[in-house]
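> There's a structure below that I have some questions on.
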Amino acid sequence: MQHQSGQDRSPTPENQIVSSTTITCPQCGSAEELKNTICNGIQKCYCKRCLYYFSPCSNDDVWLVSDLGLNFPIHERRGESVINFRPIEQEWLKNASKKFIKYKASSGVSLSLLNHNLIGHKEFSYFLRAHPEIHCFEDIDRSLIVTYMEENQSKGLSSQAKNSRLVSLANLFETGTVNGWFVLQPYLIRKEDYSKYDTKPLPRYIPSEVIYNLNQHLDSLPEPLMRMVLVIQECGLRIGELCQLPLNCLKQDSKGGWFIQFMRLKTKRETTLPISPELAQIIKHQQEYIKQCLSTDYEYLFCARRSGQKKFTPVPSVMLSQAFVRNLNILADKFDICDRSGKRWKFQSHQFRHTVGTGMINNGVPQHIVQRFLGHMSPTMTSVYAHIHDSTLRNEVDKYLSTKIVNINGEVIQSLTTELDDDSSLQWLKKKVLAETLPNGYCSLPAQLTCNKGNACLTCSDFRTTIEFLDRHKQQLERTNQVLEVVQANGWERQIQVNQDVKTNLERIIATLETNLDV
């Protein structure tokens with residue numbers, strides 16, 4: 001019963017419900033587990049089998065999103081799946097708004113941006129109730145727009161809200177004028193009409209005490225949800241990117257480093273990020289969980305749960321963003337997770353992204369690297385984090401990629417994944433953000449993991465070094481030889497064996513590094 005929005009048809013009465021026996025779920029084809037509801041006069045159906053919301057009927061003033069050729073975000077399916085023009089009371093404004101939405105949809109504008117514009121059209125329609133003398137666009141003059149701005153100001157709206165209403169109206173005016181839908185007086189909305197933002201936006205990062213308390217109780221969440229939290233904590237993904245991580249997202253480079261590969265929802269670009277070995281193991285466990293519990297056709301790393309059951313029963317559908325956040329806030333209520341002021345913390349998915357960005361800036365990661373890691377399209381977006389701790393930015397010149405990587409046996413690590421190994425920003429992140437720097441090299445374990453080997457780096461398989469540490473290796477070899485003379489003279493067998501292993505490894509490392517000086 002879906003329609004093409006440009007076709008003529010008889011409107012469906014607001015209170016008429018199409019019987020669920022005459023329709024099927026467009027997602028899974030089920031006709032047996034549908035629940036009908038009325039929301040703002042629009043019939044909505046909910047499929048209990050696949051958790052999909054859809055609208056089976058509509059009229060000239062209610063358009064299905066699918067009819068506009070738009071892809072509704074699969075992690076937000078509980079939201080509106082229709083575009084509703086009913087609140088626009090003036091027919092001349094409603095018709096222009098319809099043309100605008102159809103025109104912008106054909107040019108590839110996102111659904112969220114279309115909805116923002118439509119909200120602005122609706123707000124202008126409400127304002128026009130008090131101005132019955134306005135019968136068409138030609139009746140709109142500058143004084144009316146000034147009155148509209150004054151009314152918005154009197155409502156105490158934020159600068160962002162006021163500007164949003166003006167922008168949506170300006171977009172409608174410009175698009176309609178260019179396409180000849182109507183004729184307007186010039187300069188109705190001017191540059192100086194837009195308000196300056198009240199304050200510089202601050203990242204909504206999660207305080208350390210809240211993160212600590214959350215992690216203390218993570219095991220109370222179902223395992224898939226717990227793994228989602230660990231992924232978003234480390235990688236700072238957008239919620240849609242987290243919910244739609246592909247099952248085969250895990251990659252590894254020649255040095256044993258782990259990465260996740262996924263599609264950025266905003267830029268539509270494939271992205272690769274370094275992750276800790278610990279998180280890689282968590283992702284592996286989740287991959288096995290999906291393979292065991294769902295069909296081989298399911299392509300995502302995480303899934304939704306069947307509603308109405310206490311136990312997490314997986315279903316082959318992407319988890320909704322609202323469900324992810326709801327589970328975290330239930331956990332916060334249950335264990336009284338609060339900030340320092342004692343206020344109960346209200347989790348939002350984007351807070352994790354801001355927490356990662358703020359933490360990277362505070363740890364001295366260069367701003368352009370943070371921009372790359374978070375997938376920001378411009379430095380301006382990243383600068384929101386930078387002002388918090390500008391003084392911690394460090395020198396970004398890195399010679400890591402220009403040198404050979406050598407292990408404790410003096411073996412040069414060869415690359416089998418050049419697309420990962422030759423990416424300077426990616427390797428900088430892995431080295432500076434995830435790895436611990438040692439006096440004579442690097443530990444391939446991430447800094448947040450505790451080393452249980454003690455002071456034994458030169459006999460550890462996780463040790464890596466480069467030519468920049470050659471002099472230190474020579475100095476340590478000299479000291480090791482001196483120690484060996486003492487322990488051999490005293491017959492200390494254990495110390496002889498340990499220092500002999502260190503000496504052997506140092507000699508191999510030095511020989512390899514000197515051999516590769518000119519390579």
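Residue numbering restarts at 1 in every chain; chains get A, B, ... in the order shown in the structure tokens, and ligands count up from 1 in that same order.
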For segment 258-266 of chain A, please output as a list in words all residues within 8 Å (counting only C-alpha atoms; exclusion window: fewer than 3 positions along the same chain).
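The residues satisfying every condition are Gly240, Glu241, Leu245, Pro246, Cys249, Leu250, Lys251, Gln252, Asp253, Arg269, Glu270, Thr271, Thr272, Leu273, Pro274, Ile275, Ser276, Pro277, Ala280 and Gly375 of chain A.
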> Would you work out the distance separating atom CA of Ile290 of chain A from atom CA of Glu223 of chain A, expressed in Å to one decimal?
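Result for atom CA of Ile290 of chain A versus atom CA of Glu223 of chain A: 11.5 Å, one decimal.
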> Out of A:Asn248, A:Ser383, A:Gln322, A:Ser125, which residue has the shortest atom-to-atom distance to Glu288 of chain A when counting only C-alpha atoms?
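For Glu288 of chain A, the nearest of the given residues is A:Asn248.
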> Can you tell me how far atom CA of Ala161 of chain A sits from atom CA of Val183 of chain A, in Å to one decimal?
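Atom CA of Val183 of chain A lies at a distance of 27.1 Å from atom CA of Ala161 of chain A.
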